[in-house]
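One file, upload_27.tsv, carrying TSV, C-alpha atoms and all ligand atoms:
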chain	number	residue	atom	x	y	z
A	182	MET	CA	-13.21	29.79	-101.12
A	183	ASN	CA	-13.77	30.50	-97.44
A	184	TYR	CA	-13.11	33.58	-95.35
A	185	GLU	CA	-12.39	34.03	-91.68
A	186	VAL	CA	-12.73	37.29	-89.72
A	187	ASN	CA	-12.76	38.26	-86.07
A	188	ILE	CA	-15.86	39.82	-84.55
A	189	GLU	CA	-14.54	43.06	-83.17
A	190	LYS	CA	-16.01	44.51	-80.00
A	191	SER	CA	-17.66	47.31	-82.00
A	192	VAL	CA	-19.61	44.72	-84.04
A	193	LEU	CA	-20.43	42.59	-81.01
A	194	GLU	CA	-21.92	45.62	-79.28
A	195	LYS	CA	-24.32	46.20	-82.16
A	196	LEU	CA	-25.89	42.76	-81.75
A	197	PRO	CA	-29.18	42.55	-79.83
A	198	GLU	CA	-28.80	41.87	-76.13
A	199	VAL	CA	-30.20	38.34	-76.41
A	200	VAL	CA	-27.55	37.47	-79.01
A	201	GLN	CA	-24.76	39.03	-76.94
A	202	ASN	CA	-25.88	37.02	-73.91
A	203	THR	CA	-26.05	33.83	-75.96
A	204	LEU	CA	-22.54	34.29	-77.33
A	205	GLY	CA	-21.30	35.17	-73.82
A	206	THR	CA	-22.66	31.92	-72.41
A	207	LEU	CA	-21.38	29.81	-75.30
A	208	GLN	CA	-17.83	31.16	-75.07
A	209	THR	CA	-16.84	28.39	-72.70
A	210	GLU	CA	-18.60	25.60	-74.63
A	211	ASN	CA	-17.24	23.50	-77.46
A	212	VAL	CA	-19.87	24.50	-80.03
A	213	ILE	CA	-20.23	26.10	-83.44
A	214	VAL	CA	-23.01	28.64	-83.95
A	215	LYS	CA	-24.94	28.53	-87.22
A	216	GLY	CA	-28.28	29.84	-88.53
A	217	GLY	CA	-29.81	33.25	-87.85
A	218	ILE	CA	-27.30	34.39	-85.23
A	219	ALA	CA	-24.37	33.61	-87.54
A	220	ARG	CA	-26.08	35.42	-90.44
A	221	LEU	CA	-26.75	38.45	-88.25
A	222	ALA	CA	-23.12	38.64	-87.05
A	223	LEU	CA	-21.93	38.55	-90.66
A	224	LEU	CA	-24.44	41.22	-91.71
A	225	GLU	CA	-23.39	43.56	-88.90
A	226	TYR	CA	-19.75	42.97	-89.82
A	227	LEU	CA	-20.51	43.84	-93.46
A	228	VAL	CA	-22.37	46.98	-92.41
A	229	GLN	CA	-19.33	48.03	-90.44
A	230	GLN	CA	-17.25	47.42	-93.56
A	231	GLY	CA	-19.43	49.95	-95.35
A	232	LYS	CA	-21.67	47.51	-97.25
A	233	TYR	CA	-25.27	48.52	-97.77
A	234	ILE	CA	-27.75	45.97	-96.42
A	235	GLN	CA	-31.46	46.64	-96.80
A	236	PRO	CA	-32.60	47.82	-93.34
A	237	TRP	CA	-35.70	45.57	-93.36
A	238	ARG	CA	-33.52	42.48	-93.74
A	239	LEU	CA	-31.33	43.50	-90.82
A	240	GLU	CA	-34.46	44.17	-88.80
A	241	ARG	CA	-35.84	40.67	-89.44
A	242	GLU	CA	-32.53	39.04	-88.49
A	243	ARG	CA	-32.35	41.07	-85.29
A	244	GLU	CA	-35.21	39.01	-83.91
A	245	PRO	CA	-33.79	35.46	-83.84
A	246	ARG	CA	-36.38	32.72	-83.43
A	247	ASP	CA	-33.94	30.10	-82.19
A	248	ILE	CA	-30.33	29.28	-81.41
A	249	ASP	CA	-28.78	26.80	-83.86
A	250	LEU	CA	-25.73	25.00	-82.55
A	251	MET	CA	-23.41	22.28	-83.78
A	252	LEU	CA	-21.77	19.86	-81.38
A	253	PRO	CA	-18.58	17.97	-82.21
A	254	HIS	CA	-18.20	14.23	-81.79
A	255	PHE	CA	-14.78	12.62	-81.89
A	256	ASN	CA	-15.60	8.96	-82.43
A	257	THR	CA	-18.46	7.46	-84.40
A	258	LEU	CA	-21.94	8.83	-83.73
A	259	PRO	CA	-23.20	5.66	-82.00
A	260	ARG	CA	-20.19	5.66	-79.68
A	261	ASP	CA	-20.46	9.33	-78.70
A	262	TRP	CA	-24.23	9.28	-78.49
A	263	THR	CA	-24.44	9.59	-74.69
A	264	ASP	CA	-21.77	12.29	-74.42
A	265	LEU	CA	-23.47	14.31	-77.12
A	266	SER	CA	-26.89	14.28	-75.53
A	267	ASN	CA	-25.38	15.07	-72.13
A	268	SER	CA	-23.55	18.13	-73.40
A	269	ALA	CA	-26.63	19.23	-75.37
A	270	ASN	CA	-28.68	19.10	-72.19
A	271	SER	CA	-26.11	20.94	-70.14
A	272	ILE	CA	-25.77	23.74	-72.74
A	273	LYS	CA	-29.52	24.05	-72.96
A	274	GLU	CA	-29.76	24.41	-69.21
A	275	LYS	CA	-27.08	27.10	-69.04
A	276	LEU	CA	-28.71	29.09	-71.85
A	277	SER	CA	-32.20	28.81	-70.40
A	278	ALA	CA	-31.07	30.70	-67.28
A	279	ASN	CA	-31.63	34.01	-69.06
A	280	ILE	CA	-32.55	33.30	-72.67
A	281	GLN	CA	-36.00	32.22	-73.75
A	282	LEU	CA	-35.16	30.94	-77.23
A	283	ARG	CA	-35.52	27.46	-78.61
A	284	VAL	CA	-32.15	25.69	-78.93
A	285	ASP	CA	-31.47	23.21	-81.75
A	286	PHE	CA	-28.45	20.96	-82.07
A	287	GLU	CA	-26.77	19.20	-84.97
A	288	PRO	CA	-23.79	16.88	-84.42
A	289	PHE	CA	-20.67	17.07	-86.59
A	290	LYS	CA	-17.51	14.98	-86.80
A	291	ALA	CA	-14.55	16.85	-85.29
A	292	SER	CA	-11.60	17.13	-87.68
A	293	PRO	CA	-9.06	19.75	-88.76
A	294	ASN	CA	-11.21	20.71	-91.74
A	295	ALA	CA	-14.56	20.44	-89.93
A	296	ILE	CA	-15.52	24.07	-90.61
A	297	GLU	CA	-14.90	23.65	-94.31
A	298	ARG	CA	-17.08	20.55	-94.37
A	299	ILE	CA	-19.82	22.23	-92.38
A	300	LEU	CA	-19.84	25.19	-94.77
A	301	SER	CA	-20.09	22.85	-97.75
A	302	THR	CA	-23.15	21.05	-96.40
A	303	ARG	CA	-25.50	23.99	-95.70
A	304	ASP	CA	-28.90	24.22	-97.38
A	305	LEU	CA	-28.63	27.73	-98.83
A	306	THR	CA	-25.65	29.87	-99.74
A	307	ILE	CA	-26.63	32.56	-97.20
A	308	ASN	CA	-26.38	29.90	-94.50
A	309	GLU	CA	-22.76	29.14	-95.38
A	310	VAL	CA	-21.66	31.07	-92.31
A	311	VAL	CA	-20.76	29.89	-88.81
A	312	LEU	CA	-19.26	31.36	-85.64
A	313	SER	CA	-16.59	29.72	-83.56
A	314	PHE	CA	-14.80	30.94	-80.45
A	315	ASN	CA	-11.01	30.52	-80.62
A	316	ASN	CA	-8.19	32.16	-78.70
A	317	GLY	CA	-10.44	34.54	-76.80
A	318	VAL	CA	-12.37	35.87	-79.77
A	319	TRP	CA	-15.47	34.96	-81.80
A	320	LYS	CA	-14.63	34.37	-85.42
A	321	ILE	CA	-16.94	34.38	-88.44
A	322	PHE	CA	-16.28	31.77	-91.12
A	323	TYR	CA	-18.15	32.16	-94.41
A	324	THR	CA	-17.95	31.24	-98.08
A	325	GLN	CA	-17.53	33.53	-101.04
A	326	ASN	CA	-21.02	32.62	-102.28
A	327	CYS	CA	-22.46	33.45	-98.88
A	328	TRP	CA	-20.80	36.85	-98.99
A	329	ARG	CA	-22.14	37.48	-102.52
A	330	ASP	CA	-25.72	36.44	-101.67
A	331	ILE	CA	-26.15	37.79	-98.15
A	332	ILE	CA	-25.30	41.32	-99.31
A	333	VAL	CA	-27.93	41.36	-102.05
A	334	GLY	CA	-30.39	39.07	-100.26
A	335	ILE	CA	-30.61	36.16	-102.68
A	336	GLY	CA	-31.78	32.70	-101.66
A	337	MET	CA	-30.02	29.97	-103.58
A	338	LEU	CA	-30.25	26.30	-102.63
A	339	THR	CA	-26.94	24.47	-102.54
A	340	SER	CA	-26.40	20.95	-103.79
A	341	GLY	CA	-24.46	19.84	-100.72
A	342	GLY	CA	-27.19	19.91	-98.07
A	343	LYS	CA	-28.93	16.81	-96.79
A	344	LYS	CA	-32.21	15.64	-98.36
A	345	LEU	CA	-32.56	18.82	-100.38
A	346	ILE	CA	-32.09	17.21	-103.76
A	347	ARG	CA	-33.40	14.37	-105.84
A	348	TYR	CA	-32.38	13.26	-109.30
A	349	ASP	CA	-34.71	13.38	-112.25
A	350	TYR	CA	-33.04	11.73	-115.27
A	351	GLY	CA	-29.72	12.80	-113.83
A	352	ARG	CA	-30.83	16.36	-113.34
A	353	MET	CA	-30.77	17.80	-109.85
A	354	LEU	CA	-34.09	19.03	-108.58
A	355	PRO	CA	-35.14	20.21	-105.12
A	356	THR	CA	-37.14	17.78	-103.01
A	357	ASN	CA	-40.23	19.07	-101.21
A	358	TYR	CA	-37.94	19.67	-98.25
A	359	GLY	CA	-35.58	21.63	-100.53
A	360	PHE	CA	-38.45	23.80	-101.78
A	361	PHE	CA	-39.59	24.33	-98.20
A	362	ARG	CA	-36.12	25.47	-97.08
A	363	LEU	CA	-35.84	27.76	-100.11
A	364	PHE	CA	-39.23	29.43	-99.62
A	365	ARG	CA	-38.90	29.72	-95.85
A	366	LEU	CA	-36.45	32.63	-95.66
A	367	TRP	CA	-38.26	34.35	-98.51
A	368	VAL	CA	-41.56	34.19	-96.63
A	369	GLU	CA	-39.85	35.43	-93.46
A	370	GLY	CA	-38.42	38.40	-95.36
A	371	LYS	CA	-34.79	37.38	-94.91
A	372	VAL	CA	-34.02	37.27	-98.62
A	373	GLU	CA	-35.42	39.45	-101.36
A	374	ARG	CA	-35.20	37.09	-104.33
A	375	ILE	CA	-34.78	33.36	-104.81
A	376	TYR	CA	-33.24	31.31	-107.58
A	377	LEU	CA	-36.03	29.19	-109.02
A	378	PRO	CA	-35.84	28.12	-112.68
A	379	PRO	CA	-39.39	27.59	-114.00
A	380	TRP	CA	-38.54	24.05	-115.18
A	381	TRP	CA	-37.86	22.99	-111.57
A	382	LEU	CA	-41.52	23.58	-110.85
A	383	SER	CA	-42.92	22.13	-114.09
A	384	THR	CA	-40.79	18.98	-113.77
A	385	HIS	CA	-41.64	18.63	-110.08
A	386	PHE	CA	-45.37	18.93	-110.77
A	387	GLN	CA	-45.17	16.40	-113.64
A	388	GLU	CA	-43.42	13.92	-111.39
A	389	VAL	CA	-45.83	14.22	-108.45
A	390	GLU	CA	-48.71	13.82	-110.87
A	391	ARG	CA	-47.15	10.65	-112.27
A	392	LEU	CA	-46.70	9.25	-108.77
A	393	GLY	CA	-50.11	10.44	-107.60
A	394	LYS	CA	-48.58	12.42	-104.75
A	395	GLU	CA	-49.27	15.80	-103.18
A	396	ARG	CA	-47.61	18.77	-104.85
A	397	PHE	CA	-45.99	19.89	-101.59
A	398	GLY	CA	-45.96	16.57	-99.73
A	399	ASN	CA	-46.99	17.08	-96.12
A	400	TYR	CA	-45.30	20.45	-95.95
A	401	ALA	CA	-48.49	22.44	-95.44
A	402	LEU	CA	-48.68	20.52	-92.15
A	403	VAL	CA	-45.04	21.23	-91.36
A	404	ILE	CA	-45.77	24.93	-91.89
A	405	ALA	CA	-48.84	24.72	-89.65
A	406	HIS	CA	-46.64	23.28	-86.92
A	407	GLN	CA	-43.54	25.44	-87.28
A	408	TYR	CA	-45.41	28.69	-87.82
A	409	LYS	CA	-48.23	28.26	-85.37
A	410	ASN	CA	-47.03	31.28	-83.35
A	411	ALA	CA	-46.03	33.34	-86.38
A	412	THR	CA	-47.68	36.63	-87.28
A	413	LEU	CA	-50.73	36.64	-89.51
A	414	GLN	CA	-48.66	38.37	-92.18
A	415	ILE	CA	-46.17	35.49	-92.33
A	416	LYS	CA	-48.99	32.94	-92.55
A	417	GLU	CA	-50.57	34.93	-95.35
A	418	ARG	CA	-47.26	35.11	-97.16
A	419	TRP	CA	-47.01	31.31	-97.06
A	420	SER	CA	-50.45	31.04	-98.66
A	421	LEU	CA	-49.51	33.59	-101.27
A	422	VAL	CA	-46.22	31.90	-102.18
A	423	LEU	CA	-47.69	28.39	-102.44
A	424	ASN	CA	-50.65	29.67	-104.38
A	425	LYS	CA	-48.66	31.83	-106.82
A	426	LEU	CA	-46.12	29.10	-107.55
A	427	GLY	CA	-48.81	26.51	-108.19
A	428	PHE	CA	-48.27	24.23	-105.18
A	429	THR	CA	-51.94	24.63	-104.34
A	430	ASP	CA	-54.98	26.22	-105.87
A	431	LEU	CA	-56.27	27.02	-102.41
A	432	SER	CA	-55.54	30.61	-101.49
A	433	TYR	CA	-56.12	30.14	-97.78
A	434	LEU	CA	-53.42	28.20	-95.93
A	435	PRO	CA	-55.65	26.73	-93.17
A	436	THR	CA	-57.87	25.15	-95.85
A	437	LEU	CA	-54.83	23.55	-97.46
A	438	GLN	CA	-53.70	22.30	-94.06
A	439	GLN	CA	-57.10	20.82	-93.32
A	440	GLU	CA	-57.07	19.14	-96.71
A	441	GLN	CA	-53.63	17.64	-96.09
A	442	GLU	CA	-54.54	16.52	-92.60
A	443	PHE	CA	-57.59	14.81	-94.01
A	444	LEU	CA	-55.57	13.07	-96.76
A	445	TYR	CA	-52.93	12.06	-94.24
A	446	ASP	CA	-55.53	10.49	-91.98
A	447	ILE	CA	-57.03	8.46	-94.82
A	448	LYS	CA	-53.67	7.27	-96.17
A	449	ASN	CA	-52.15	6.38	-92.82
A	450	ASN	CA	-55.30	5.34	-91.08
A	451	GLN	CA	-54.44	7.49	-88.10
A	452	SER	CA	-54.65	11.13	-87.16
A	453	PHE	CA	-51.83	13.41	-88.00
A	454	ALA	CA	-49.85	14.52	-84.95
A	455	PHE	CA	-46.56	16.33	-84.67
A	456	GLU	CA	-44.15	15.21	-82.03
A	457	GLU	CA	-43.36	18.18	-79.85
A	458	GLU	CA	-39.70	19.09	-80.00
A	459	ARG	CA	-37.89	15.77	-80.23
A	460	PRO	CA	-35.04	15.37	-77.74
A	461	PHE	CA	-31.57	15.62	-79.22
A	462	SER	CA	-30.77	11.99	-78.44
A	463	GLN	CA	-33.68	10.91	-80.65
A	464	VAL	CA	-32.39	13.12	-83.43
A	465	ILE	CA	-29.02	11.38	-83.31
A	466	GLU	CA	-30.67	7.97	-83.22
A	467	GLN	CA	-32.65	8.91	-86.30
A	468	MET	CA	-29.47	10.06	-88.08
A	469	ILE	CA	-27.74	6.76	-87.38
A	470	LYS	CA	-30.73	4.80	-88.65
A	471	GLU	CA	-31.05	6.89	-91.80
A	472	GLU	CA	-27.37	6.50	-92.64
A	473	GLN	CA	-27.70	2.71	-92.37
A	474	GLU	CA	-30.79	2.71	-94.59
A	475	ARG	CA	-29.05	4.93	-97.14
A	476	GLN	CA	-26.10	2.54	-97.34
A	477	GLU	CA	-28.37	-0.46	-97.76
A	478	ALA	CA	-30.45	1.17	-100.48
A	479	LYS	CA	-27.30	2.19	-102.31
A	480	GLN	CA	-25.88	-1.33	-102.25
A	481	GLN	CA	-29.17	-2.71	-103.52
A	482	ARG	CA	-29.30	-0.21	-106.38
A	483	ASN	CA	-25.72	-0.94	-107.36
A	484	ALA	CA	-26.38	-4.69	-107.32
A	485	GLN	CA	-29.38	-4.21	-109.62
A	486	MET	CA	-27.39	-2.06	-112.00
A	487	ARG	CA	-24.61	-4.62	-112.17
A	488	GLN	CA	-27.04	-7.34	-113.23
A	489	CYS	CA	-28.85	-5.22	-115.81
A	490	ARG	CA	-28.01	-5.49	-119.54
A	491	HIS	CA	-28.74	-1.83	-120.08
A	492	THR	CA	-30.98	-0.66	-122.88
A	493	PHE	CA	-30.56	3.06	-123.09
A	494	LYS	CA	-33.20	5.50	-124.26
A	495	THR	CA	-32.44	9.13	-124.99
A	496	PHE	CA	-34.09	11.71	-122.81
A	497	GLU	CA	-33.85	15.31	-123.89
A	498	CYS	CA	-34.07	17.97	-121.26
A	499	HIS	CA	-35.51	20.98	-123.05
A	500	GLU	CA	-36.96	22.68	-120.05
A	501	CYS	CA	-33.65	23.74	-118.60
A	502	ALA	CA	-32.76	25.68	-121.79
A	503	TYR	CA	-29.49	23.81	-122.29
A	504	ASP	CA	-30.99	20.91	-124.28
A	505	CYS	CA	-29.09	18.31	-122.27
A	506	LYS	CA	-29.24	14.87	-123.88
A	507	ILE	CA	-29.27	12.05	-121.37
A	508	GLN	CA	-29.13	8.28	-122.00
A	509	ARG	CA	-31.09	6.39	-119.41
A	510	CYS	CA	-31.82	2.73	-118.69
A	511	ASP	CA	-34.88	1.67	-116.68
A	512	CYS	CA	-32.60	0.36	-113.93
A	513	GLY	CA	-31.59	3.95	-113.27
A	514	ARG	CA	-28.14	3.91	-114.92
A	515	ILE	CA	-27.51	7.23	-116.63
A	516	VAL	CA	-25.01	8.22	-119.26
A	517	LYS	CA	-24.53	11.94	-119.35
A	518	PRO	CA	-23.77	13.71	-122.63
A	519	THR	CA	-20.16	14.42	-121.81
A	520	GLU	CA	-17.70	13.41	-119.18
A	521	ASN	CA	-18.72	16.55	-117.42
A	522	GLU	CA	-21.75	17.42	-115.37
A	523	LEU	CA	-24.99	18.48	-117.08
A	524	PRO	CA	-25.05	22.23	-117.68
A	525	CYS	CA	-28.23	22.65	-115.62
A	526	ASN	CA	-26.63	20.80	-112.72
A	527	TRP	CA	-23.47	22.79	-113.01
A	528	ILE	CA	-25.21	26.04	-112.06
A	529	PHE	CA	-26.72	24.28	-109.06
A	530	LYS	CA	-23.44	22.69	-107.99
A	531	THR	CA	-21.45	25.91	-108.17
A	532	SER	CA	-24.33	28.13	-106.92
A	533	ASN	CA	-23.73	30.20	-110.01
A	534	TRP	CA	-27.00	32.14	-110.35
A	535	PRO	CA	-25.30	35.11	-112.06
A	536	SER	CA	-25.10	32.93	-115.21
A	537	ASN	CA	-28.91	32.60	-115.23
A	538	THR	CA	-30.36	35.75	-113.71
A	539	ASN	CA	-33.66	35.15	-115.56
A	540	SER	CA	-34.44	32.52	-112.95
A	541	LEU	CA	-34.31	34.92	-110.04
A	542	LEU	CA	-37.77	35.44	-108.67
A	543	SER	CA	-38.86	38.24	-106.40
A	544	PHE	CA	-41.86	38.34	-104.19
A	545	PRO	CA	-43.63	41.34	-102.72
A	546	ARG	CA	-42.23	41.99	-99.26
A	547	GLN	CA	-45.38	43.45	-97.90
A	548	LYS	CA	-48.88	43.78	-99.20
A	549	MET	CA	-49.17	46.77	-101.45
A	550	VAL	CA	-50.73	49.59	-99.54
A	551	LEU	CA	-52.44	52.15	-101.74
A	552	ARG	CA	-52.02	55.56	-100.21
A	553	THR	CA	-54.53	58.26	-100.88
A	554	PRO	CA	-52.78	61.42	-102.02
A	555	GLN	CA	-52.61	64.04	-99.29
A	601	ZN	ZN	-29.85	-0.96	-116.91
A	602	ZN	ZN	-30.64	20.24	-118.67
Please re-express this file's structure in structure tokens.
Amino acid sequence: MNYEVNIEKSVLEKLPEVVQNTLGTLQTENVIVKGGIARLALLEYLVQQGKYIQPWRLEREREPRDIDLMLPHFNTLPRDWTDLSNSANSIKEKLSANIQLRVDFEPFKASPNAIERILSTRDLTINEVVLSFNNGVWKIFYTQNCWRDIIVGIGMLTSGGKKLIRYDYGRMLPTNYGFFRLFRLWVEGKVERIYLPPWWLSTHFQEVERLGKERFGNYALVIAHQYKNATLQIKERWSLVLNKLGFTDLSYLPTLQQEQEFLYDIKNNQSFAFEEERPFSQVIEQMIKEEQERQEAKQQRNAQMRQCRHTFKTFECHECAYDCKIQRCDCGRIVKPTENELPCNWIFKTSNWPSNTNSLLSFPRQKMVLRTPQ
């Protein structure tokens, strides 16, 4: 279920100046605001409604790192490609006149239920919130799960986001990218706890071992790039999280990064380099290409499955505590125990962490400081 509320002037006035200026500039543009600014607007609205939000979380959100915008396209992506990159450039230019924040764009297909679809494809429940300017007023749109989790500060991955999930014997597990998105807000102090069943980690580690891959892919390098200007504390928190959860036995992030860079160079026979801020038009191009590849891979898989004379073996999923029994053929065809979804997937699909609160994990916000008694 989704909600829609107006941002009253009294709430707008509580937003930091940079956010007020951003929203002022965007009023005349056909965009949807997501990310940190949308979360902050919802938090300030909830505070005004008398909800208690931990002050340190509000504080973190009051310093946005970037402006996340969504741009509508009316025809297919390839057809609207030029229009989209033109309007992205023009918005960027207008904003840069008095705002020094990075601006990121994501295209979406315009339709009467676009907001609903956008909300159902976010990576975490607390990101299921967007702002849109209609009839002279900024409105906040958010889901019920977002409302539940943003108040208490819980990070829960959703199953609807892109590239966040892979299937392991029919069970949904986060990809490295999914883990990265989940840990990110935790490290930055924007959530207090995250939903992380222990079997997600054990199964993930088993699988990477089987494939001879890195436990966190190239994500130590992604962190090095995205957090190069972050505070020392944030960098240390990344090391701590990855170390505690078993993604690395190295307790010092730069060492892990050096190790990954080294491995990357050997494997790819070239030095690792991050492209600096890819232009929006390249992002769209990439999206079009990926969609084509996805379709092709899917057709190939389906063709293989059609030809296979399945021989099913039973796989029992004990780790998730629901003892799911799954029949699986080597071609990838899966028969689930009932007509319904697997119990462990069901929690994921409905973002229903309250039915498994044992899997909520907290992480120290700040290093413990031992005070000497006065
Ligand atoms: Zn088969
Ligand atoms: Zn299960």
Practice problem: Please tell me which residues are no farther than 6 Å from (-34.1, 20.7, -111.7) in the file, counting only C-alpha atoms, and write them as a list in words. | Solution: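 Result, sorted by chain then residue number: Arg352, Met353, Leu354 and Trp381 of chain A.
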Quiz prompt | Protein and nucleic residues near ligand ZN 602 (chain A), 10 Å, all atoms listed in the file, as an MDAnalysis selection string | solution = chainID A and resid 350:353 380 497:507 522:527
Quiz prompt | Atom pair atom CA of Glu466 of chain A / atom CA of Leu258 of chain A: separation (Å) | solution =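 Between atom CA of Glu466 of chain A and atom CA of Leu258 of chain A the gap is 8.8 Å.
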Each residue of chain A lying at most 7 Å from ligand ZN 601 (chain A) should get a row with its shortest atom-to-atom pair and the distance in Å to one decimal, counting all atoms listed in the file; could you produce that, ordered by chain and increasing number, as a Markdown table?
| residue | atom | partner | partner_atom | distance |
| --- | --- | --- | --- | --- |
| A:Met486 | CA | A:ZN601 | ZN | 5.6 |
| A:Cys489 | CA | A:ZN601 | ZN | 4.5 |
| A:Arg490 | CA | A:ZN601 | ZN | 5.6 |
| A:His491 | CA | A:ZN601 | ZN | 3.5 |
| A:Thr492 | CA | A:ZN601 | ZN | 6.1 |
| A:Cys510 | CA | A:ZN601 | ZN | 4.5 |
| A:Asp511 | CA | A:ZN601 | ZN | 5.7 |
| A:Cys512 | CA | A:ZN601 | ZN | 4.3 |
| A:Gly513 | CA | A:ZN601 | ZN | 6.4 |
| A:Arg514 | CA | A:ZN601 | ZN | 5.5 |
Around the point (-27.2, 35.2, -88.9) (coordinates from the file), which residues reach within 12 Å if we count only C-alpha atoms? Answer as an mmCIF file with C-alpha atoms, in the coordinates of the input.
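Listed below is the output, out-v3.cif:
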data_model
loop_
_atom_site.group_PDB
_atom_site.id
_atom_site.type_symbol
_atom_site.label_atom_id
_atom_site.label_comp_id
_atom_site.auth_asym_id
_atom_site.auth_seq_id
_atom_site.Cartn_x
_atom_site.Cartn_y
_atom_site.Cartn_z
ATOM 1 C CA LEU A 196 -25.890 42.760 -81.750
ATOM 2 C CA PRO A 197 -29.180 42.550 -79.830
ATOM 3 C CA VAL A 200 -27.550 37.470 -79.010
ATOM 4 C CA VAL A 214 -23.010 28.640 -83.950
ATOM 5 C CA LYS A 215 -24.940 28.530 -87.220
ATOM 6 C CA GLY A 216 -28.280 29.840 -88.530
ATOM 7 C CA GLY A 217 -29.810 33.250 -87.850
ATOM 8 C CA ILE A 218 -27.300 34.390 -85.230
ATOM 9 C CA ALA A 219 -24.370 33.610 -87.540
ATOM 10 C CA ARG A 220 -26.080 35.420 -90.440
ATOM 11 C CA LEU A 221 -26.750 38.450 -88.250
ATOM 12 C CA ALA A 222 -23.120 38.640 -87.050
ATOM 13 C CA LEU A 223 -21.930 38.550 -90.660
ATOM 14 C CA LEU A 224 -24.440 41.220 -91.710
ATOM 15 C CA GLU A 225 -23.390 43.560 -88.900
ATOM 16 C CA TYR A 226 -19.750 42.970 -89.820
ATOM 17 C CA LEU A 227 -20.510 43.840 -93.460
ATOM 18 C CA ARG A 238 -33.520 42.480 -93.740
ATOM 19 C CA LEU A 239 -31.330 43.500 -90.820
ATOM 20 C CA GLU A 240 -34.460 44.170 -88.800
ATOM 21 C CA ARG A 241 -35.840 40.670 -89.440
ATOM 22 C CA GLU A 242 -32.530 39.040 -88.490
ATOM 23 C CA ARG A 243 -32.350 41.070 -85.290
ATOM 24 C CA GLU A 244 -35.210 39.010 -83.910
ATOM 25 C CA PRO A 245 -33.790 35.460 -83.840
ATOM 26 C CA ARG A 246 -36.380 32.720 -83.430
ATOM 27 C CA ASP A 247 -33.940 30.100 -82.190
ATOM 28 C CA ILE A 248 -30.330 29.280 -81.410
ATOM 29 C CA ASP A 249 -28.780 26.800 -83.860
ATOM 30 C CA ILE A 307 -26.630 32.560 -97.200
ATOM 31 C CA ASN A 308 -26.380 29.900 -94.500
ATOM 32 C CA GLU A 309 -22.760 29.140 -95.380
ATOM 33 C CA VAL A 310 -21.660 31.070 -92.310
ATOM 34 C CA VAL A 311 -20.760 29.890 -88.810
ATOM 35 C CA LEU A 312 -19.260 31.360 -85.640
ATOM 36 C CA ILE A 321 -16.940 34.380 -88.440
ATOM 37 C CA PHE A 322 -16.280 31.770 -91.120
ATOM 38 C CA TYR A 323 -18.150 32.160 -94.410
ATOM 39 C CA CYS A 327 -22.460 33.450 -98.880
ATOM 40 C CA ILE A 331 -26.150 37.790 -98.150
ATOM 41 C CA LEU A 366 -36.450 32.630 -95.660
ATOM 42 C CA LYS A 371 -34.790 37.380 -94.910
#
Quiz item: Interatomic distance between atom CA of Glu287 of chain A and atom CA of Leu250 of chain A?
Solution: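 Separation of atom CA of Glu287 of chain A and atom CA of Leu250 of chain A: 6.4 Å.
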Self-check item: Point-to-point distance in Å for atom CA of Trp319 of chain A and atom CA of Asn187 of chain A
Solution: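 Taking atom CA of Asn187 of chain A as the start and atom CA of Trp319 of chain A as the end point, the length is 6.0 Å.
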Quiz item: Leaving out Lys344 of chain A and any residue of its chain fewer than 6 positions from it, which residues lie within 10 Å of it when counting all atoms listed in the file, given as an MDAnalysis selection string?
Solution: chainID A and resid 304 355:359
Save out the residues we just selected, C-alpha atoms, as a PDB file, in the coordinates of the input.
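Listed below is the output, again-v4.pdb:
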ATOM      1  CA  ASP A 304     -28.900  24.220 -97.380  1.00  0.00           C
ATOM      2  CA  PRO A 355     -35.140  20.210-105.120  1.00  0.00           C
ATOM      3  CA  THR A 356     -37.140  17.780-103.010  1.00  0.00           C
ATOM      4  CA  ASN A 357     -40.230  19.070-101.210  1.00  0.00           C
ATOM      5  CA  TYR A 358     -37.940  19.670 -98.250  1.00  0.00           C
ATOM      6  CA  GLY A 359     -35.580  21.630-100.530  1.00  0.00           C
TER       7      GLY A 359
END
Quiz item: Do you know which residues are at most 9 Å from Thr203 of chain A counting only C-alpha atoms, after dropping those on the same chain fewer than 2 positions away, and could you put them as a count of residues only?
Solution: 12
Quiz prompt | Within 10 Å of segment 426-435 of chain A using only C-alpha atoms, minus same-chain residues under 5 positions, as number ranges by chain | solution = A: 379, 382-383, 385-386, 395-398, 401-402, 404-405, 416-421, 440-441
